[in-house]
Structure formats: structure tokens, C-alpha cells
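The structure file model15.tsv is reproduced below (TSV, C-alpha atoms).
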```tsv
chain	number	residue	atom	x	y	z
A	3	MET	CA	8.98	22.65	10.80
A	4	THR	CA	12.14	20.57	10.57
A	5	THR	CA	13.84	19.84	7.27
A	6	SER	CA	16.26	17.16	8.40
A	7	ALA	CA	15.98	13.87	6.49
A	8	PRO	CA	15.74	10.51	8.33
A	9	ALA	CA	19.19	9.08	9.07
A	10	GLY	CA	20.70	7.15	6.18
A	11	SER	CA	17.95	8.06	3.73
A	12	LEU	CA	18.85	8.73	0.11
A	13	LEU	CA	15.70	10.63	-0.78
A	14	ALA	CA	13.37	12.18	1.78
A	15	ALA	CA	10.46	14.57	1.74
A	16	ARG	CA	8.66	16.44	4.51
A	17	ASP	CA	5.55	18.59	4.77
A	18	LEU	CA	4.88	18.44	1.02
A	19	GLN	CA	1.96	20.53	-0.20
A	20	LYS	CA	0.65	20.61	-3.74
A	21	THR	CA	-2.66	22.05	-4.88
A	22	TYR	CA	-4.21	21.83	-8.34
A	23	GLY	CA	-7.03	24.39	-8.46
A	24	PRO	CA	-9.38	23.54	-5.59
A	25	THR	CA	-7.84	20.06	-5.15
A	26	LYS	CA	-5.23	19.38	-2.50
A	27	ALA	CA	-3.15	16.69	-4.20
A	28	LEU	CA	-0.58	16.59	-1.38
A	29	ASP	CA	-1.31	17.68	2.17
A	30	ASN	CA	1.72	17.53	4.46
A	31	ALA	CA	2.99	14.34	2.82
A	32	ALA	CA	6.23	12.79	4.05
A	33	PHE	CA	8.41	10.10	2.48
A	34	SER	CA	11.84	8.52	2.79
A	35	ILE	CA	13.79	5.79	1.07
A	36	HIS	CA	17.21	4.22	1.65
A	37	PRO	CA	19.72	3.02	-0.97
A	38	GLY	CA	18.77	-0.41	-2.32
A	39	GLU	CA	15.29	-0.23	-0.86
A	40	VAL	CA	12.07	-0.84	-2.81
A	41	VAL	CA	9.13	1.19	-1.45
A	42	ALA	CA	5.61	0.75	-2.82
A	43	VAL	CA	3.40	3.83	-2.89
A	44	MET	CA	-0.19	2.64	-2.67
A	45	GLY	CA	-3.58	4.32	-2.45
A	46	PRO	CA	-6.82	4.76	-4.36
A	47	SER	CA	-7.04	6.61	-7.70
A	48	GLY	CA	-6.76	10.35	-7.19
A	49	SER	CA	-5.19	9.97	-3.75
A	50	GLY	CA	-2.05	11.88	-4.74
A	51	LYS	CA	0.39	9.00	-5.25
A	52	SER	CA	1.50	10.03	-8.75
A	53	THR	CA	1.83	13.66	-7.60
A	54	LEU	CA	4.06	12.45	-4.77
A	55	LEU	CA	6.24	10.53	-7.26
A	56	HIS	CA	6.45	13.52	-9.62
A	57	CYS	CA	7.48	15.82	-6.76
A	58	LEU	CA	10.10	13.36	-5.48
A	59	ALA	CA	11.51	13.03	-8.98
A	60	GLY	CA	11.75	16.79	-9.46
A	61	ILE	CA	9.23	16.75	-12.34
A	62	VAL	CA	6.68	18.80	-10.40
A	63	THR	CA	7.59	21.51	-7.89
A	64	PRO	CA	5.63	21.33	-4.63
A	65	ASP	CA	3.92	24.49	-3.33
A	66	ALA	CA	5.63	24.02	0.03
A	67	GLY	CA	7.78	21.50	1.85
A	68	SER	CA	11.24	20.04	1.55
A	69	ILE	CA	12.73	17.27	-0.63
A	70	THR	CA	16.28	16.18	0.13
A	71	TYR	CA	18.24	13.99	-2.27
A	72	ASN	CA	21.62	12.84	-1.03
A	73	GLY	CA	21.92	15.89	1.22
A	74	ARG	CA	20.84	18.38	-1.47
A	75	GLU	CA	17.58	20.32	-1.36
A	76	LEU	CA	15.68	19.61	-4.58
A	77	THR	CA	13.28	22.54	-4.21
A	78	ALA	CA	16.22	24.97	-4.09
A	79	MET	CA	17.63	23.80	-7.46
A	80	ASN	CA	16.87	25.56	-10.73
A	81	ASP	CA	15.32	23.76	-13.71
A	82	SER	CA	18.58	22.85	-15.41
A	83	GLU	CA	20.08	21.48	-12.18
A	84	ARG	CA	16.98	19.36	-11.68
A	85	SER	CA	17.06	18.09	-15.29
A	86	ALA	CA	20.72	17.16	-14.91
A	87	LEU	CA	19.86	15.25	-11.74
A	88	ARG	CA	17.00	13.43	-13.47
A	89	ARG	CA	19.27	12.46	-16.39
A	90	SER	CA	22.19	11.23	-14.35
A	91	GLU	CA	20.86	9.99	-11.00
A	92	PHE	CA	17.23	9.01	-11.63
A	93	GLY	CA	15.62	6.40	-13.87
A	94	PHE	CA	11.98	6.28	-14.95
A	95	VAL	CA	9.54	3.53	-15.91
A	96	PHE	CA	5.94	4.41	-16.77
A	97	GLN	CA	2.89	2.41	-17.71
A	98	PHE	CA	3.14	3.06	-21.46
A	99	GLY	CA	4.29	5.27	-24.28
A	100	GLN	CA	7.80	5.78	-23.11
A	101	LEU	CA	9.86	4.31	-25.94
A	102	VAL	CA	10.67	6.35	-29.05
A	103	PRO	CA	8.90	4.48	-31.88
A	104	GLU	CA	11.39	5.49	-34.60
A	105	LEU	CA	14.40	4.08	-32.75
A	106	THR	CA	15.32	0.39	-32.40
A	107	CYS	CA	15.11	-1.14	-28.93
A	108	VAL	CA	18.85	-0.97	-28.35
A	109	GLU	CA	18.88	2.68	-29.49
A	110	ASN	CA	16.06	3.37	-27.04
A	111	VAL	CA	17.98	1.80	-24.17
A	112	ALA	CA	21.15	3.66	-25.17
A	113	LEU	CA	19.34	7.01	-25.48
A	114	PRO	CA	19.92	8.33	-21.91
A	115	LEU	CA	23.65	7.63	-22.29
A	116	ARG	CA	23.74	9.35	-25.68
A	117	LEU	CA	22.00	12.40	-24.15
A	118	ASN	CA	24.72	12.47	-21.50
A	119	GLY	CA	27.36	12.57	-24.25
A	120	THR	CA	28.48	8.91	-24.36
A	121	PRO	CA	29.69	7.88	-27.85
A	122	ARG	CA	27.20	5.68	-29.75
A	123	LYS	CA	29.18	2.42	-29.78
A	124	GLU	CA	29.98	2.55	-26.10
A	125	ALA	CA	26.39	3.54	-25.24
A	126	GLU	CA	24.96	0.65	-27.24
A	127	ARG	CA	27.45	-1.81	-25.73
A	128	THR	CA	26.31	-0.84	-22.21
A	129	ALA	CA	22.67	-0.86	-23.38
A	130	LEU	CA	23.06	-4.43	-24.63
A	131	THR	CA	24.43	-5.60	-21.27
A	132	TRP	CA	21.28	-4.29	-19.60
A	133	MET	CA	19.07	-5.82	-22.28
A	134	GLN	CA	20.69	-9.20	-21.59
A	135	ARG	CA	19.93	-8.83	-17.87
A	136	LEU	CA	16.34	-7.98	-18.69
A	137	GLU	CA	16.21	-10.91	-21.17
A	138	VAL	CA	15.37	-8.78	-24.21
A	139	ASP	CA	18.70	-8.72	-26.09
A	140	ASP	CA	17.05	-10.74	-28.88
A	141	VAL	CA	14.85	-7.77	-29.83
A	142	ARG	CA	17.73	-5.29	-29.95
A	143	GLY	CA	17.24	-4.45	-33.67
A	144	LYS	CA	13.44	-4.27	-33.57
A	145	ARG	CA	11.37	-1.13	-33.16
A	146	PRO	CA	9.02	-0.82	-30.14
A	147	GLY	CA	5.98	-1.40	-32.37
A	148	GLU	CA	7.34	-4.82	-33.36
A	149	VAL	CA	7.76	-6.27	-29.83
A	150	SER	CA	5.22	-7.54	-27.28
A	151	GLY	CA	4.00	-5.42	-24.35
A	152	GLY	CA	6.09	-7.43	-21.89
A	153	GLN	CA	9.22	-7.12	-24.00
A	154	GLY	CA	8.63	-3.40	-24.50
A	155	GLN	CA	8.30	-2.87	-20.77
A	156	ARG	CA	11.54	-4.78	-20.10
A	157	VAL	CA	13.26	-2.59	-22.71
A	158	ALA	CA	11.90	0.41	-20.78
A	159	VAL	CA	13.30	-1.01	-17.52
A	160	ALA	CA	16.70	-1.55	-19.19
A	161	ARG	CA	16.59	2.08	-20.35
A	162	ALA	CA	15.73	3.26	-16.82
A	163	LEU	CA	18.73	1.39	-15.39
A	164	VAL	CA	21.31	2.03	-18.12
A	165	THR	CA	22.80	5.18	-16.55
A	166	GLY	CA	23.27	3.44	-13.19
A	167	PRO	CA	20.67	5.61	-11.44
A	168	ARG	CA	20.52	5.74	-7.66
A	169	VAL	CA	16.73	6.03	-7.68
A	170	VAL	CA	14.29	4.40	-10.11
A	171	PHE	CA	10.77	5.87	-10.24
A	172	ALA	CA	8.24	3.36	-11.52
A	173	ASP	CA	4.64	4.51	-12.00
A	174	GLU	CA	2.34	1.50	-12.50
A	175	PRO	CA	5.10	-0.29	-14.47
A	176	THR	CA	3.01	-3.42	-15.00
A	177	GLY	CA	-0.34	-1.68	-15.46
A	178	ALA	CA	-0.61	-2.61	-19.13
A	179	LEU	CA	0.68	-6.21	-18.81
A	180	ASP	CA	-0.94	-9.58	-18.06
A	181	SER	CA	-0.02	-11.09	-14.69
A	182	LEU	CA	2.72	-13.44	-15.96
A	183	ASN	CA	4.52	-10.68	-17.87
A	184	GLY	CA	3.90	-8.21	-15.08
A	185	GLU	CA	5.52	-10.48	-12.52
A	186	ARG	CA	8.54	-11.15	-14.71
A	187	VAL	CA	9.02	-7.40	-15.15
A	188	MET	CA	8.79	-6.91	-11.38
A	189	GLU	CA	11.23	-9.75	-10.68
A	190	LEU	CA	13.79	-8.41	-13.14
A	191	LEU	CA	13.31	-4.77	-12.11
A	192	THR	CA	13.71	-5.40	-8.39
A	193	GLU	CA	16.59	-7.87	-8.82
A	194	ALA	CA	18.50	-5.52	-11.10
A	195	ALA	CA	17.83	-2.50	-8.86
A	196	ARG	CA	18.82	-4.34	-5.67
A	197	SER	CA	22.03	-5.67	-7.16
A	198	ALA	CA	22.94	-2.12	-8.28
A	199	ASN	CA	21.96	-0.77	-4.81
A	200	ALA	CA	19.45	1.54	-6.49
A	201	ALA	CA	16.32	2.58	-4.60
A	202	VAL	CA	12.96	2.01	-6.29
A	203	VAL	CA	9.89	4.18	-5.71
A	204	LEU	CA	7.09	2.00	-7.04
A	205	VAL	CA	3.62	3.49	-7.51
A	206	THR	CA	1.05	0.73	-7.81
A	207	HIS	CA	-2.52	-0.12	-6.88
A	208	GLU	CA	-1.87	-3.86	-7.30
A	209	ALA	CA	-1.05	-5.86	-4.17
A	210	ARG	CA	0.82	-8.56	-6.13
A	211	VAL	CA	3.12	-5.87	-7.52
A	212	ALA	CA	3.51	-4.20	-4.12
A	213	ALA	CA	4.55	-7.59	-2.72
A	214	TYR	CA	7.90	-7.12	-4.52
A	215	SER	CA	8.62	-4.12	-2.26
A	216	ASP	CA	10.32	-4.00	1.14
A	217	ARG	CA	7.63	-1.79	2.66
A	218	GLU	CA	4.70	0.35	1.62
A	219	ILE	CA	3.51	3.92	2.00
A	220	VAL	CA	-0.22	4.52	1.76
A	221	VAL	CA	-1.39	7.83	0.30
A	222	ARG	CA	-4.92	8.95	1.02
A	223	ASP	CA	-6.34	12.45	0.53
A	224	GLY	CA	-2.83	13.73	-0.11
A	225	LYS	CA	-1.44	12.39	3.17
A	226	ALA	CA	1.25	9.69	3.10
A	227	ARG	CA	1.33	7.04	5.81
A	228	ASP	CA	4.45	4.93	6.30
A	229	MET	CA	3.10	1.54	7.36
A	230	GLU	CA	6.42	0.31	8.75
A	231	ARG	CA	6.47	3.12	11.29
A	232	VAL	CA	2.93	2.55	12.58
A	233	VAL	CA	2.48	-1.24	12.76
B	1	MET	CA	-15.21	-13.35	14.95
B	2	SER	CA	-14.88	-12.37	18.61
B	3	ILE	CA	-18.41	-12.03	20.01
B	4	GLY	CA	-17.07	-10.62	23.28
B	5	HIS	CA	-15.27	-7.75	21.57
B	6	THR	CA	-18.23	-7.07	19.32
B	7	LEU	CA	-20.65	-6.85	22.25
B	8	LEU	CA	-18.18	-4.66	24.12
B	9	GLY	CA	-17.91	-2.37	21.10
B	10	LEU	CA	-21.69	-2.10	20.92
B	11	LEU	CA	-21.75	-1.05	24.58
B	12	GLU	CA	-19.44	1.88	23.90
B	13	SER	CA	-22.28	4.06	22.68
B	14	GLY	CA	-24.11	3.60	26.01
B	15	PRO	CA	-25.40	1.01	28.53
B	16	ARG	CA	-27.78	-1.66	27.17
B	17	HIS	CA	-29.78	-4.63	28.37
B	18	GLY	CA	-28.77	-8.10	27.26
B	19	TYR	CA	-31.78	-8.25	25.00
B	20	ASP	CA	-30.88	-4.94	23.31
B	21	LEU	CA	-27.35	-6.17	22.79
B	22	LYS	CA	-28.55	-9.30	21.03
B	23	ARG	CA	-30.88	-7.26	18.82
B	24	ALA	CA	-28.14	-4.77	17.89
B	25	PHE	CA	-25.71	-7.61	17.14
B	26	ASP	CA	-28.20	-9.51	14.96
B	27	GLU	CA	-29.16	-6.36	13.09
B	28	LYS	CA	-25.62	-5.32	12.27
B	29	PHE	CA	-23.60	-8.53	12.11
B	30	GLY	CA	-25.80	-11.59	12.53
B	31	HIS	CA	-27.51	-11.60	9.12
B	32	ASP	CA	-27.26	-15.33	8.61
B	33	ARG	CA	-26.31	-16.35	12.14
B	34	PRO	CA	-28.25	-14.59	14.91
B	35	LEU	CA	-26.90	-14.92	18.45
B	36	HIS	CA	-28.57	-17.23	20.97
B	37	TYR	CA	-29.60	-15.64	24.25
B	38	GLY	CA	-27.39	-18.16	26.00
B	39	GLN	CA	-24.34	-16.87	24.08
B	40	VAL	CA	-25.11	-13.29	25.08
B	41	TYR	CA	-25.43	-14.08	28.78
B	42	SER	CA	-22.43	-16.37	28.97
B	43	THR	CA	-20.35	-13.76	27.15
B	44	MET	CA	-21.60	-10.97	29.41
B	45	SER	CA	-20.85	-12.90	32.59
B	46	ARG	CA	-17.31	-13.55	31.31
B	47	LEU	CA	-16.84	-9.85	30.51
B	48	LEU	CA	-18.25	-8.99	33.93
B	49	LYS	CA	-15.85	-11.37	35.64
B	50	ASN	CA	-12.92	-9.83	33.73
B	51	GLY	CA	-13.92	-6.29	34.72
B	52	LEU	CA	-14.60	-5.21	31.13
B	53	VAL	CA	-18.27	-4.44	31.84
B	54	GLU	CA	-20.26	-3.62	34.96
B	55	VAL	CA	-23.91	-3.91	35.85
B	56	ASP	CA	-25.45	-0.49	35.46
B	57	GLY	CA	-28.87	-1.40	36.81
B	58	ILE	CA	-31.36	-4.23	37.16
B	59	GLU	CA	-34.98	-3.77	36.24
B	60	ALA	CA	-37.69	-5.08	38.49
B	61	GLY	CA	-38.82	-8.57	37.56
B	62	GLY	CA	-35.30	-9.97	37.83
B	63	GLY	CA	-33.91	-12.56	35.44
B	64	PRO	CA	-30.65	-12.22	33.53
B	65	GLU	CA	-32.31	-10.43	30.61
B	66	ARG	CA	-33.19	-7.46	32.80
B	67	LYS	CA	-29.60	-6.56	33.67
B	68	ARG	CA	-28.28	-3.40	32.11
B	69	TYR	CA	-24.58	-3.48	31.25
B	70	ALA	CA	-22.10	-0.63	30.87
B	71	ILE	CA	-18.59	-0.82	29.47
B	72	THR	CA	-15.72	-0.04	31.86
B	73	GLU	CA	-12.54	1.88	31.02
B	74	ALA	CA	-10.69	-1.45	30.82
B	75	GLY	CA	-13.36	-2.58	28.36
B	76	VAL	CA	-12.84	0.48	26.12
B	77	THR	CA	-9.08	-0.19	26.12
B	78	ASP	CA	-9.73	-3.83	25.24
B	79	VAL	CA	-11.92	-2.88	22.25
B	80	ALA	CA	-9.33	-0.34	21.06
B	81	GLN	CA	-6.58	-2.96	21.24
B	82	TRP	CA	-8.65	-5.52	19.37
B	83	LEU	CA	-9.49	-3.03	16.61
B	84	ALA	CA	-5.87	-1.97	16.23
B	85	THR	CA	-4.50	-5.54	15.98
B	86	PRO	CA	-4.51	-6.86	12.41
B	87	GLU	CA	-6.12	-10.24	11.78
B	88	LYS	CA	-4.03	-13.17	10.64
B	89	PRO	CA	-4.81	-13.63	6.94
B	90	GLU	CA	-7.12	-16.64	6.62
B	91	PRO	CA	-10.23	-17.66	4.67
B	92	TYR	CA	-13.45	-15.77	5.37
B	93	LEU	CA	-11.57	-13.09	7.21
B	94	GLN	CA	-13.93	-10.48	5.82
B	95	SER	CA	-16.66	-11.12	8.41
B	96	THR	CA	-14.28	-10.21	11.26
B	97	LEU	CA	-12.89	-7.27	9.31
B	98	TYR	CA	-16.37	-6.07	8.44
B	99	THR	CA	-17.31	-6.21	12.13
B	100	LYS	CA	-14.22	-4.24	13.10
B	101	VAL	CA	-14.86	-1.58	10.47
B	102	VAL	CA	-18.51	-1.17	11.49
B	103	LEU	CA	-17.60	-1.00	15.17
B	104	ALA	CA	-14.93	1.59	14.45
B	105	LEU	CA	-17.50	3.70	12.60
B	106	LEU	CA	-20.06	3.26	15.39
B	107	THR	CA	-17.56	4.30	18.05
B	108	GLU	CA	-16.13	7.15	15.93
B	109	ARG	CA	-12.70	5.61	15.62
B	110	ASP	CA	-10.65	5.76	12.40
B	111	ALA	CA	-11.93	2.86	10.27
B	112	ALA	CA	-9.43	3.63	7.48
B	113	ASP	CA	-6.68	2.97	10.03
B	114	ILE	CA	-7.96	-0.56	10.60
B	115	LEU	CA	-7.96	-1.22	6.85
B	116	ASP	CA	-4.45	0.22	6.43
B	117	THR	CA	-3.09	-1.96	9.24
B	118	GLN	CA	-4.76	-5.02	7.76
B	119	ARG	CA	-3.40	-4.27	4.28
B	120	SER	CA	0.04	-4.10	5.79
B	121	GLU	CA	-0.40	-7.48	7.48
B	122	HIS	CA	-1.59	-9.03	4.21
B	123	LEU	CA	1.30	-7.53	2.28
B	124	ARG	CA	3.69	-8.97	4.83
B	125	SER	CA	2.36	-12.46	4.04
B	126	MET	CA	2.40	-11.73	0.32
B	127	ARG	CA	6.05	-10.64	0.46
B	128	ILE	CA	7.02	-13.92	2.14
B	129	LEU	CA	5.14	-15.92	-0.50
B	130	THR	CA	6.57	-13.82	-3.36
B	131	ASP	CA	10.07	-14.40	-2.06
B	132	ARG	CA	9.46	-18.14	-1.72
B	133	LYS	CA	8.03	-18.21	-5.23
B	134	ARG	CA	11.05	-16.42	-6.65
B	135	LYS	CA	13.44	-18.94	-5.11
B	136	GLY	CA	11.28	-22.04	-5.63
B	137	ASP	CA	10.60	-24.52	-8.42
B	138	LEU	CA	7.44	-24.61	-10.51
B	139	ALA	CA	5.49	-26.55	-7.87
B	140	ASP	CA	6.42	-23.95	-5.26
B	141	GLN	CA	5.42	-21.19	-7.64
B	142	LEU	CA	1.98	-22.69	-8.23
B	143	ILE	CA	1.35	-23.31	-4.54
B	144	CYS	CA	2.40	-19.77	-3.63
B	145	ASP	CA	0.34	-18.32	-6.49
B	146	HIS	CA	-2.78	-19.98	-5.11
B	147	ALA	CA	-2.23	-18.41	-1.70
B	148	LEU	CA	-1.29	-15.07	-3.27
B	149	PHE	CA	-4.50	-14.92	-5.30
B	150	HIS	CA	-6.56	-15.54	-2.15
B	151	LEU	CA	-4.75	-12.81	-0.25
B	152	GLU	CA	-5.19	-10.52	-3.22
B	153	ALA	CA	-8.94	-11.17	-3.16
B	154	ASP	CA	-9.03	-10.07	0.50
B	155	LEU	CA	-7.13	-6.95	-0.41
B	156	ARG	CA	-9.46	-6.10	-3.26
B	157	TRP	CA	-12.37	-6.37	-0.84
B	158	LEU	CA	-10.45	-4.19	1.58
B	159	GLU	CA	-9.79	-1.49	-1.05
B	160	LEU	CA	-13.44	-1.51	-2.07
B	161	THR	CA	-14.50	-1.15	1.57
B	162	ALA	CA	-12.01	1.69	2.04
B	163	ALA	CA	-13.54	3.46	-0.95
B	164	ARG	CA	-17.03	3.03	0.51
B	165	LEU	CA	-16.36	4.09	4.10
B	166	ASP	CA	-18.39	7.29	3.85
B	167	LYS	CA	-21.44	5.40	2.59
B	168	LEU	CA	-21.00	2.71	5.22
B	169	ARG	CA	-20.73	5.37	7.93
B	170	GLU	CA	-24.10	6.76	6.85
B	171	ALA	CA	-25.64	3.29	6.71
B	172	VAL	CA	-24.52	2.21	10.19
B	173	ALA	CA	-25.62	5.50	11.73
B	174	ARG	CA	-29.22	4.83	10.68
```

Do you think you could lay out the structure here as C-alpha cells?
Amino acid sequence: MTTSAPAGSLLAARDLQKTYGPTKALDNAAFSIHPGEVVAVMGPSGSGKSTLLHCLAGIVTPDAGSITYNGRELTAMNDSERSALRRSEFGFVFQFGQLVPELTCVENVALPLRLNGTPRKEAERTALTWMQRLEVDDVRGKRPGEVSGGQGQRVAVARALVTGPRVVFADEPTGALDSLNGERVMELLTEAARSANAAVVLVTHEARVAAYSDREIVVRDGKARDMERVV
Amino acid sequence: MSIGHTLLGLLESGPRHGYDLKRAFDEKFGHDRPLHYGQVYSTMSRLLKNGLVEVDGIEAGGGPERKRYAITEAGVTDVAQWLATPEKPEPYLQSTLYTKVVLALLTERDAADILDTQRSEHLRSMRILTDRKRKGDLADQLICDHALFHLEADLRWLELTAARLDKLREAVAR
């Protein structure tokens, strides 16, 4: 077994194994992504694509295998090192339920900066810049329950990008949106990520969403197939 | 759909007479358009000329329908290449794709591989259209959307087929 990551990759995984009870969620899965690249992770429900994303993001520890981020072995880090990495280097967008309902939208976007110790005013100033880029600065003072699904998801994207992450993990980011709103979210997410040279790991089952990626990985029965390398 | 490749694929499981080939084709792929005998024999003589099949025996009584054909090694390679090459996205692609998937199952090749390769080809077209849409005006966006929805329909069919491969494998083995 070799643990070397593909040349130039920012995040790479090899021989990943993860079992939940009798189910093999990941079975020798491999993955790699370069800075500024958008990679779609596709596959049927239950194929292991979300497990792959959670392992890559350091949320779930694989049973075996290697994950290298920027030359560092993720599986060798302790919990607090991994949390620090997630807070400072990674951004997350999920399908729903990710905004804190008691906070205003700008406070939600500023939250990751506040958790990293940035003073409130400065954090909210940076948050507002991202909200402008995501075209949701007009809802800055509203609470998540008072904005539309599309606006809420763009607020979530702004929050994922506010710390200047090097990798954004997006798990079905448009799953709860209609196609017009979903496409706008994808346009803004990929544009913002590319201009910041951030990599995006995009889990989706929708081809129209995957069409915003540079290439796709197909996960089936826990095995990941890089389509660029086989076609 | 390539009738030549389909007949070749059907020969992989063992030598057959022209008549058997027509019957197998009609049963599996010719639901609304059965093959004419003439098509079978002209196709077989072309395949014979190109060295993709050989005559394995001729039954007494003569006539073209009594020839038994066997696939050659070059023929097997030709089928494998055809199956591995994704189809250009176009309307009514599913009949060719369906044929490829069934032939892959019949010849114990990886049918999921064919679907993965085709998905990749479709996504390649969708990326080009998405990029054009992003840079274009409203007219461009609407034109690209139309094409994107059609490609998406193909892909939905493809995903559904991928999810039903085990059932299809059982059905074609009968």
C-alpha cells in the first residue's frame, strides 16, 4: 500500500475503508482534488458518497486508509487538531438546517470568524463583503426563518467561504431548492470558490448541478471511480 | 444502433445460424422493428469479409440461412471496443445504450462501466452548455437549457438503468 498523494493535489485519499455494522460504506475508495478545482461526487443513494465526504472533511474517521491534506496525514491528527483544521481551512454547505435560527443572517455568516477569535465588527464587515458577492446583503438583518430557501442557501455559502477556506465541502447544496435558485447558488458558489482558488468537493445526484464541476468521481458500493482517469 | 456490433455480440455466447441470430435479435432488441433476413445476411457477409466472423459449418440443404457463424478474436475485440466507446449524446440514444447494456450483461462484461462512461460523456456536453449559458445572454440561456434538460433526461434514464442492472441481468439470462 502506498500513501503518497497524487502530484499537486491539495487533498487526497487512498484505500479508504469504513464499515457501519454489516455495511461497507467505503471499500478501498480513493480521491484527489487540486487547488481551485471543483469535483462532483456522484452515485446512487447509499453508495457511500456522503461517507466519503465526511471522511475527507475529518468529520468521520475511516477504519483504514490514508487522507492527506496539504502534506499532512488527517488520520494521524487528534480531535482538536482536526477541529482546528475544519474551522480554519475547510468550509461546509449542507442541504438544510445549517444556519442558527436565533442569529441574523450577517451574524450567521460572521460566526466562523467569531469562533476563531475575530472581533465582532471586523467579522461582520468581512461577512458583509461575502454576502454582497453572494447577492444577499439585503437580508443581513433578517433571521434565517424570514428569508427564502434560495437566500438562506446563499447565506450558508457566504458563511462557508468567509474564513477563506482552501476546501469547501458541499453535500447536496441545492437539494432543497427549485432549479432556478439551485443554479444561481451553484453559479455563485463555483465562481466565488474558483476566484479564491478554493477546491470544492460537491456531493450531488443531480447532473445539472454536477455540470458546474470540472470532473466527476462516481461512488458505487463504496468504491470511488475517477472518470477523468478512465475515459 | 449498430446491427453489425449487436449481431457480433450475440455470437459471443457461441456459434449460431443466421436464422437463430435474427430470432435472438428480434427477441431482445427488435420489439417494434424486427430485422429482415436480407439485413442479417448482408451484415454477416460484411462481417465475414472483415474477418470478424467465420463460417463454422454449413448444414446440408445449402442456402445462406444454413450457414453457422462463429465470432473471431478480432470480432470479440471489435465488440469490446464498441461497448467501451461512449455514444455521442443525441435524441433516442437510449435504444443504442440499452443494446450495449444488454450485450454487456449477456457477454458477462461490466455493464455499470458502460453506463459510467456514458454519464461522463453526457456530463462533458453538459459542462460545455453550462459554461456557454453562464457567459451568454437570455436567448443563449434558454437554448442551452433546452439541450441541458434533454441530456438530463438521458442521464435520469441511465441512473435508473444502473439501479436496475441486477434485475435486467436476471431478465436477459432467461

For chain B, list the residues within 6 Å of chain A, counting only C-alpha atoms, and write the list as number ranges by chain. B: 123, 126-127

Residues at most 7 Å from stretch 156-170 of chain B, counting all atoms listed in the file, excluding those fewer than 6 positions away in the same chain, as a ChimeraX atom specification? /B:105,112,115

Find the residues near stretch 43-55 of chain B: any atom within 7 Å, counting all atoms listed in the file, skip ones fewer than 3 places away on the same chain, and give them as a PDB file with C-alpha atoms, keeping the file's coordinate frame.
```pdb
ATOM      1  CA  GLY B   4     -17.070 -10.620  23.280  1.00  0.00           C
ATOM      2  CA  GLN B  39     -24.340 -16.870  24.080  1.00  0.00           C
ATOM      3  CA  VAL B  40     -25.110 -13.290  25.080  1.00  0.00           C
ATOM      4  CA  LYS B  67     -29.600  -6.560  33.670  1.00  0.00           C
ATOM      5  CA  ARG B  68     -28.280  -3.400  32.110  1.00  0.00           C
ATOM      6  CA  TYR B  69     -24.580  -3.480  31.250  1.00  0.00           C
ATOM      7  CA  ALA B  70     -22.100  -0.630  30.870  1.00  0.00           C
ATOM      8  CA  ILE B  71     -18.590  -0.820  29.470  1.00  0.00           C
ATOM      9  CA  THR B  72     -15.720  -0.040  31.860  1.00  0.00           C
ATOM     10  CA  ALA B  74     -10.690  -1.450  30.820  1.00  0.00           C
ATOM     11  CA  GLY B  75     -13.360  -2.580  28.360  1.00  0.00           C
TER      12      GLY B  75
END
```

Find the spatial neighbours of stretch 13-25 of chain A, counting all atoms listed in the file, within a cut-off of 8 Å - ignore same-chain residues fewer than 4 positions away - and output them as JSON, numbers by chain. {"A": [5, 7, 8, 29, 30, 31, 32, 33, 34, 35, 36, 58, 64, 65, 66, 67, 68, 69, 70, 71, 72]}

Pairwise distance, atom CA of B:Gly136 with atom CA of A:Val95, equals 27.6 Å

Hey, can you check how far atom CA of A:Gly143 sits from atom CA of A:Asn110? 10.3 Å

Applying 9 Å and only C-alpha atoms, which residues near A:Val203 remain after dropping the ones on its own chain fewer than 3 positions away? List them as a ChimeraX atom specification. /A:35,39-43,55,169-173

Save stretch 170-183 of chain A to a file: C-alpha atoms, as an mmCIF file, in the first residue's frame.
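And here's out-v1.cif as it stands now:
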```
data_model
loop_
_atom_site.group_PDB
_atom_site.id
_atom_site.type_symbol
_atom_site.label_atom_id
_atom_site.label_comp_id
_atom_site.auth_asym_id
_atom_site.auth_seq_id
_atom_site.Cartn_x
_atom_site.Cartn_y
_atom_site.Cartn_z
ATOM 1 C CA VAL A 170 -15.331 23.731 0.529
ATOM 2 C CA PHE A 171 -17.391 20.585 1.173
ATOM 3 C CA ALA A 172 -20.874 20.857 -0.282
ATOM 4 C CA ASP A 173 -23.319 18.000 0.342
ATOM 5 C CA GLU A 174 -26.361 18.324 -1.958
ATOM 6 C CA PRO A 175 -26.210 22.137 -1.610
ATOM 7 C CA THR A 176 -29.159 22.694 -3.943
ATOM 8 C CA GLY A 177 -31.196 19.672 -2.860
ATOM 9 C CA ALA A 178 -33.928 21.765 -1.239
ATOM 10 C CA LEU A 179 -34.120 24.473 -3.949
ATOM 11 C CA ASP A 180 -36.052 24.866 -7.216
ATOM 12 C CA SER A 181 -33.936 24.701 -10.370
ATOM 13 C CA LEU A 182 -33.589 28.479 -10.898
ATOM 14 C CA ASN A 183 -32.438 29.103 -7.320
#
```
